[in-house]
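Participant: Sending over a structure as C-alpha cells; questions will come in a sec.
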Amino acid sequence: SSSSSSSSSSSSSLPNLLFLHGSYHGAWCWAPNFFGFFSERGYRCRAMSFLGQALSDVPQEGKASGTVASHARDVTEYLATLEGNTVVIAHSFAGLILQKMLQLDAGRPLSKVAGAAFLCSVPPTGNSAMAGRFFRRTPIAALKLTWAFVTRNFESDLDALRETFFSDDVAPKDLQEYQALIADSCKKPLLDLGRLSDELPIVFSEEAARVPALVLGAGDDRLVDTEALEELASAFRSNGDGKGAQQPVLMRSVAHDCMLDTRWEEVAERILAFLETL
C-alpha cells in the first residue's frame, strides 16, 4: 500500500489538503515547510507516498512502481477515506497523476475534489516536447540534467542536486538533509517513461475542466517550462466556466522543488490565496 502522513490543528469549515510528491521524493517533502504553514491556518494536511517511494510498499513486478492510471486510482481510493472535500496539491509528475485522476474519475470522486493546485507540473502531453524545447534552448544544461537522471548523481553530488531541483542560495545544511531523503526515496521508478506516451495525452471532460485550479510554475525551474504551464492551464480554460485556471502563475527566483526551496513561503502564500477563493 502507499503510505501517508498528516498534520492536525484544523477547522472543520476548511477543506482537507492532500499533497502529492513527484519523482525521487516522498510524503516527507511537504513536512518541513508546507505542513506547518497550512496547519497553522486551520487546514487538515495530508500527504501520501506513491508505491515504491519513500516508506510505501515496493511492487515486485514491472520496471516501475505503477502507471499514471494506477497511481491515480490509488489517489482516488485515498480520497474516499477522507471526510469532507479535499483540495489536491500535486508537484511535478504527480501533477500528471492528478490530471489522470480527474480524467478517469469524472462523476463520483470529483464531488469530493474542491480544487486542484499543480506545482511545476508535467503537462497533459507529458514531458517529451518539454525536454525537446530545453535541448534546443540550452543543450549543454539539458545534457547535464539528462545525465543527472540517468545516473541519479544528485543523490550523492550536492552540486548536481542543486542544479536539478534547487536555487543557488539554498543553505548547504538543508541541501544535505534533502539529499539524504531523496537518495532514500526512490526504491523503484515512479513511472516507466518509455511507455508514458501510451497513456497520453490526457483530455479532460467538461466536468473535470470546471474543477477550480491553480497552475503554478517556478521562474528558475530547469525541468518544467512556461509552455508546459500554458498547456496545462489551457486544459482548464478551454472547457471551464470561469473557475478554472485562466493563466499560470510564475513565481520568480524559485526552482523546481518549490515546496523546499529558499522562497517556499511565497509559493505557500500564493496557494493560500487560491484556497481562499474556493
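By order of appearance in the C-alpha cells: chains A, B, ..., then residues from 1 within every chain, and ligands from 1 in the order shown.
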For Gln53 of chain A, work out the shell of residues within 10 Å, counting only C-alpha atoms and skipping chain neighbours fewer than 5 positions away, then give it as a list in words.
Facilitator: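 Everything that qualifies: Ser2, Ser3, His21, Gly22, Ser23, Tyr24, His25, Gly26, Ala27, Met48, Val58, Ser65, Ile182, Asp184, Ser185, Cys186, Lys187, Lys188, Pro189 and Leu190 of chain A.
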Participant: Any idea what's packed within 12 Å of Asp168 of chain A, counting only C-alpha atoms, ignoring anything in its chain fewer than 6 positions away? Could you give it as a short mmCIF file (atom, residue, chain, number, x, y, z; two decimals) with N, CA and C atoms, in the first residue's frame?
Facilitator:
```cif
data_model
loop_
_atom_site.label_atom_id
_atom_site.label_comp_id
_atom_site.auth_asym_id
_atom_site.auth_seq_id
_atom_site.Cartn_x
_atom_site.Cartn_y
_atom_site.Cartn_z
N LEU A 158 26.19 17.13 -4.32
CA LEU A 158 25.37 18.27 -3.90
C LEU A 158 25.20 19.30 -5.01
N ASP A 159 26.23 19.51 -5.81
CA ASP A 159 26.12 20.46 -6.91
C ASP A 159 25.08 19.99 -7.93
N ALA A 160 25.10 18.70 -8.23
CA ALA A 160 24.12 18.15 -9.17
C ALA A 160 22.71 18.25 -8.60
N LEU A 161 22.57 18.03 -7.30
CA LEU A 161 21.26 18.15 -6.65
C LEU A 161 20.73 19.58 -6.76
N ARG A 162 21.60 20.53 -6.48
CA ARG A 162 21.21 21.94 -6.54
C ARG A 162 20.81 22.31 -7.98
N LEU A 175 20.37 21.42 2.06
CA LEU A 175 20.62 20.63 0.86
C LEU A 175 21.09 19.21 1.23
N ASP A 220 12.79 29.76 -12.09
CA ASP A 220 14.12 29.16 -12.25
C ASP A 220 14.06 27.65 -12.38
N ASP A 221 12.90 27.14 -12.78
CA ASP A 221 12.72 25.69 -12.96
C ASP A 221 13.50 25.23 -14.20
N SER A 253 12.41 33.62 -9.16
CA SER A 253 13.52 33.24 -8.28
C SER A 253 13.18 32.02 -7.42
N VAL A 254 12.42 31.09 -7.99
CA VAL A 254 12.08 29.83 -7.32
C VAL A 254 12.45 28.70 -8.28
N ALA A 255 13.01 27.61 -7.73
CA ALA A 255 13.40 26.46 -8.54
C ALA A 255 12.34 25.36 -8.46
N HIS A 256 12.63 24.21 -9.08
CA HIS A 256 11.64 23.15 -9.26
C HIS A 256 11.05 22.66 -7.94
N ASP A 261 12.33 25.00 -1.51
CA ASP A 261 13.30 25.99 -1.95
C ASP A 261 13.32 27.21 -1.01
N THR A 262 14.29 28.06 -1.21
CA THR A 262 14.51 29.20 -0.31
C THR A 262 13.27 30.06 -0.12
N ARG A 263 12.56 30.32 -1.22
CA ARG A 263 11.39 31.19 -1.17
C ARG A 263 10.09 30.38 -1.20
#
```
Participant: Which is closer to Ser121 of chain A than all the others in A:Ser92, A:Ser70, A:Gln99, A:Thr86, using only C-alpha atoms?
Facilitator: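 Closest residue, counting only C-alpha atoms: A:Ser92.
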Participant: When you look at Asn16 of chain A with a cut-off of 8 Å (counting only C-alpha atoms), what residues show up, excluding the ones that are within fewer than 5 positions of it in the same chain? I need them as a PDB file with all heavy atoms, in the first residue's frame.
Facilitator:
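Dumped to out-v5.pdb:
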```pdb
ATOM      1  N   TYR A  43      -5.928  24.273   8.225  1.00  0.00           N
ATOM      2  CA  TYR A  43      -6.161  23.213   7.243  1.00  0.00           C
ATOM      3  C   TYR A  43      -5.670  21.853   7.754  1.00  0.00           C
ATOM      4  O   TYR A  43      -4.620  21.769   8.405  1.00  0.00           O
ATOM      5  CB  TYR A  43      -5.450  23.544   5.923  1.00  0.00           C
ATOM      6  CG  TYR A  43      -6.083  24.685   5.176  1.00  0.00           C
ATOM      7  CD1 TYR A  43      -5.632  25.998   5.360  1.00  0.00           C
ATOM      8  CD2 TYR A  43      -7.135  24.471   4.297  1.00  0.00           C
ATOM      9  CE1 TYR A  43      -6.216  27.057   4.681  1.00  0.00           C
ATOM     10  CE2 TYR A  43      -7.731  25.534   3.611  1.00  0.00           C
ATOM     11  CZ  TYR A  43      -7.266  26.817   3.809  1.00  0.00           C
ATOM     12  OH  TYR A  43      -7.847  27.860   3.148  1.00  0.00           O
ATOM     13  N   ARG A  44      -6.428  20.817   7.451  1.00  0.00           N
ATOM     14  CA  ARG A  44      -6.009  19.447   7.720  1.00  0.00           C
ATOM     15  C   ARG A  44      -5.099  19.005   6.573  1.00  0.00           C
ATOM     16  O   ARG A  44      -5.556  18.880   5.430  1.00  0.00           O
ATOM     17  CB  ARG A  44      -7.220  18.510   7.824  1.00  0.00           C
ATOM     18  CG  ARG A  44      -8.174  18.862   8.950  1.00  0.00           C
ATOM     19  CD  ARG A  44      -9.410  17.962   8.938  1.00  0.00           C
ATOM     20  NE  ARG A  44     -10.202  18.155   7.740  1.00  0.00           N
ATOM     21  CZ  ARG A  44     -11.103  19.131   7.572  1.00  0.00           C
ATOM     22  NH1 ARG A  44     -11.311  20.004   8.546  1.00  0.00           N
ATOM     23  NH2 ARG A  44     -11.781  19.229   6.451  1.00  0.00           N
ATOM     24  N   CYS A  45      -3.849  18.769   6.869  1.00  0.00           N
ATOM     25  CA  CYS A  45      -2.864  18.468   5.828  1.00  0.00           C
ATOM     26  C   CYS A  45      -2.521  16.989   5.821  1.00  0.00           C
ATOM     27  O   CYS A  45      -2.226  16.399   6.869  1.00  0.00           O
ATOM     28  CB  CYS A  45      -1.587  19.273   6.062  1.00  0.00           C
ATOM     29  SG  CYS A  45      -1.819  21.053   5.986  1.00  0.00           S
ATOM     30  N   ARG A  46      -2.538  16.420   4.632  1.00  0.00           N
ATOM     31  CA  ARG A  46      -2.159  15.023   4.458  1.00  0.00           C
ATOM     32  C   ARG A  46      -1.281  14.906   3.220  1.00  0.00           C
ATOM     33  O   ARG A  46      -1.440  15.673   2.271  1.00  0.00           O
ATOM     34  CB  ARG A  46      -3.397  14.136   4.322  1.00  0.00           C
ATOM     35  CG  ARG A  46      -4.217  14.040   5.602  1.00  0.00           C
ATOM     36  CD  ARG A  46      -5.512  13.297   5.392  1.00  0.00           C
ATOM     37  NE  ARG A  46      -6.199  13.033   6.650  1.00  0.00           N
ATOM     38  CZ  ARG A  46      -6.956  13.900   7.305  1.00  0.00           C
ATOM     39  NH1 ARG A  46      -7.110  15.115   6.822  1.00  0.00           N
ATOM     40  NH2 ARG A  46      -7.541  13.582   8.440  1.00  0.00           N
ATOM     41  N   LEU A  82     -11.265  10.112   3.226  1.00  0.00           N
ATOM     42  CA  LEU A  82     -11.237  11.391   3.931  1.00  0.00           C
ATOM     43  C   LEU A  82     -12.647  11.955   4.072  1.00  0.00           C
ATOM     44  O   LEU A  82     -13.451  11.874   3.145  1.00  0.00           O
ATOM     45  CB  LEU A  82     -10.355  12.396   3.178  1.00  0.00           C
ATOM     46  CG  LEU A  82      -8.902  11.978   2.925  1.00  0.00           C
ATOM     47  CD1 LEU A  82      -8.163  13.085   2.181  1.00  0.00           C
ATOM     48  CD2 LEU A  82      -8.189  11.652   4.227  1.00  0.00           C
ATOM     49  N   GLY A  84     -15.248  14.953   4.169  1.00  0.00           N
ATOM     50  CA  GLY A  84     -15.345  16.298   3.612  1.00  0.00           C
ATOM     51  C   GLY A  84     -14.629  16.423   2.281  1.00  0.00           C
ATOM     52  O   GLY A  84     -14.094  15.461   1.727  1.00  0.00           O
ATOM     53  N   ASN A  85     -14.620  17.648   1.759  1.00  0.00           N
ATOM     54  CA  ASN A  85     -13.986  17.926   0.478  1.00  0.00           C
ATOM     55  C   ASN A  85     -12.483  18.119   0.635  1.00  0.00           C
ATOM     56  O   ASN A  85     -11.995  18.454   1.719  1.00  0.00           O
ATOM     57  CB  ASN A  85     -14.603  19.174  -0.156  1.00  0.00           C
ATOM     58  CG  ASN A  85     -16.047  18.948  -0.565  1.00  0.00           C
ATOM     59  OD1 ASN A  85     -16.445  17.825  -0.858  1.00  0.00           O
ATOM     60  ND2 ASN A  85     -16.834  20.022  -0.575  1.00  0.00           N
ATOM     61  N   THR A  86     -11.769  17.936  -0.467  1.00  0.00           N
ATOM     62  CA  THR A  86     -10.310  17.991  -0.439  1.00  0.00           C
ATOM     63  C   THR A  86      -9.794  18.796  -1.614  1.00  0.00           C
ATOM     64  O   THR A  86     -10.284  18.667  -2.744  1.00  0.00           O
ATOM     65  CB  THR A  86      -9.715  16.565  -0.498  1.00  0.00           C
ATOM     66  OG1 THR A  86     -10.179  15.810   0.623  1.00  0.00           O
ATOM     67  CG2 THR A  86      -8.193  16.607  -0.466  1.00  0.00           C
ATOM     68  N   VAL A  87      -8.792  19.626  -1.363  1.00  0.00           N
ATOM     69  CA  VAL A  87      -8.017  20.248  -2.433  1.00  0.00           C
ATOM     70  C   VAL A  87      -6.744  19.426  -2.591  1.00  0.00           C
ATOM     71  O   VAL A  87      -6.017  19.193  -1.617  1.00  0.00           O
ATOM     72  CB  VAL A  87      -7.668  21.713  -2.106  1.00  0.00           C
ATOM     73  CG1 VAL A  87      -6.758  22.310  -3.184  1.00  0.00           C
ATOM     74  CG2 VAL A  87      -8.937  22.546  -1.983  1.00  0.00           C
TER      75      VAL A  87
END
```
Participant: Just the number, please: distance in Å from atom CA of Glu61 of chain A to atom CA of Val75 of chain A, one decimal.
Facilitator: 20.4 Å
Participant: Contacts of Phe38 of chain A at 12 Å or less, counting only C-alpha atoms, minus same-chain residues fewer than 5 places along, as an mmCIF file with C-alpha atoms, in the first residue's frame?
Facilitator:
```
data_model
loop_
_atom_site.group_PDB
_atom_site.id
_atom_site.type_symbol
_atom_site.label_atom_id
_atom_site.label_comp_id
_atom_site.auth_asym_id
_atom_site.auth_seq_id
_atom_site.Cartn_x
_atom_site.Cartn_y
_atom_site.Cartn_z
ATOM 1 C CA SER A 6 -0.822 14.022 8.249
ATOM 2 C CA SER A 7 -0.963 17.072 10.486
ATOM 3 C CA SER A 8 -3.842 18.164 12.688
ATOM 4 C CA SER A 9 -4.924 21.541 14.184
ATOM 5 C CA SER A 10 -7.764 22.075 11.762
ATOM 6 C CA SER A 11 -11.031 23.891 11.153
ATOM 7 C CA LEU A 14 -11.990 24.261 5.562
ATOM 8 C CA PRO A 15 -11.225 21.537 3.010
ATOM 9 C CA ASN A 16 -8.617 18.862 3.532
ATOM 10 C CA LEU A 17 -5.326 19.408 1.734
ATOM 11 C CA LEU A 18 -3.807 16.330 0.101
ATOM 12 C CA PHE A 19 -0.217 16.796 -1.100
ATOM 13 C CA TRP A 30 5.818 18.594 2.381
ATOM 14 C CA ALA A 31 6.628 18.318 6.093
ATOM 15 C CA PRO A 32 9.497 20.819 6.563
ATOM 16 C CA ASN A 33 7.518 23.861 5.379
ATOM 17 C CA TYR A 43 -6.161 23.213 7.243
ATOM 18 C CA ARG A 44 -6.009 19.447 7.720
ATOM 19 C CA CYS A 45 -2.864 18.468 5.828
ATOM 20 C CA ARG A 46 -2.159 15.023 4.458
ATOM 21 C CA GLU A 265 6.777 30.744 1.685
ATOM 22 C CA VAL A 267 4.669 29.784 -3.046
ATOM 23 C CA ALA A 268 2.632 28.797 0.011
ATOM 24 C CA GLU A 269 1.111 32.291 0.201
ATOM 25 C CA ARG A 270 0.029 32.050 -3.440
ATOM 26 C CA ILE A 271 -1.582 28.662 -2.822
ATOM 27 C CA LEU A 272 -3.320 30.105 0.249
ATOM 28 C CA ALA A 273 -4.721 32.944 -1.869
ATOM 29 C CA LEU A 275 -7.636 28.326 -1.367
ATOM 30 C CA GLU A 276 -9.344 31.441 -0.061
#
```
Participant: In Å, with one decimal, what is the gap from atom CA of Val215 of chain A to atom CA of Asp198 of chain A?
Facilitator: 24.4 Å
Participant: Using only C-alpha atoms for the distances, tell me which of A:Pro124, A:Gly219, A:Gly194, A:Pro59 is nearest to Glu231 of chain A.
Facilitator: A:Pro124
Participant: From the options A:Gly66, A:Pro172, A:Gly95, A:Pro123, which residue's atoms come nearest to Glu230 of chain A, counting only C-alpha atoms?
Facilitator: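 Using only C-alpha atoms, Glu230 of chain A sits closest to A:Pro123.
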Participant: Find the residue from A:Glu163, A:Glu177, A:Glu207, A:Asp192 that sits nearest to Ala235 of chain A; use only C-alpha atoms when measuring.
Facilitator: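 Selected residue with least distance to Ala235 of chain A: A:Glu207.
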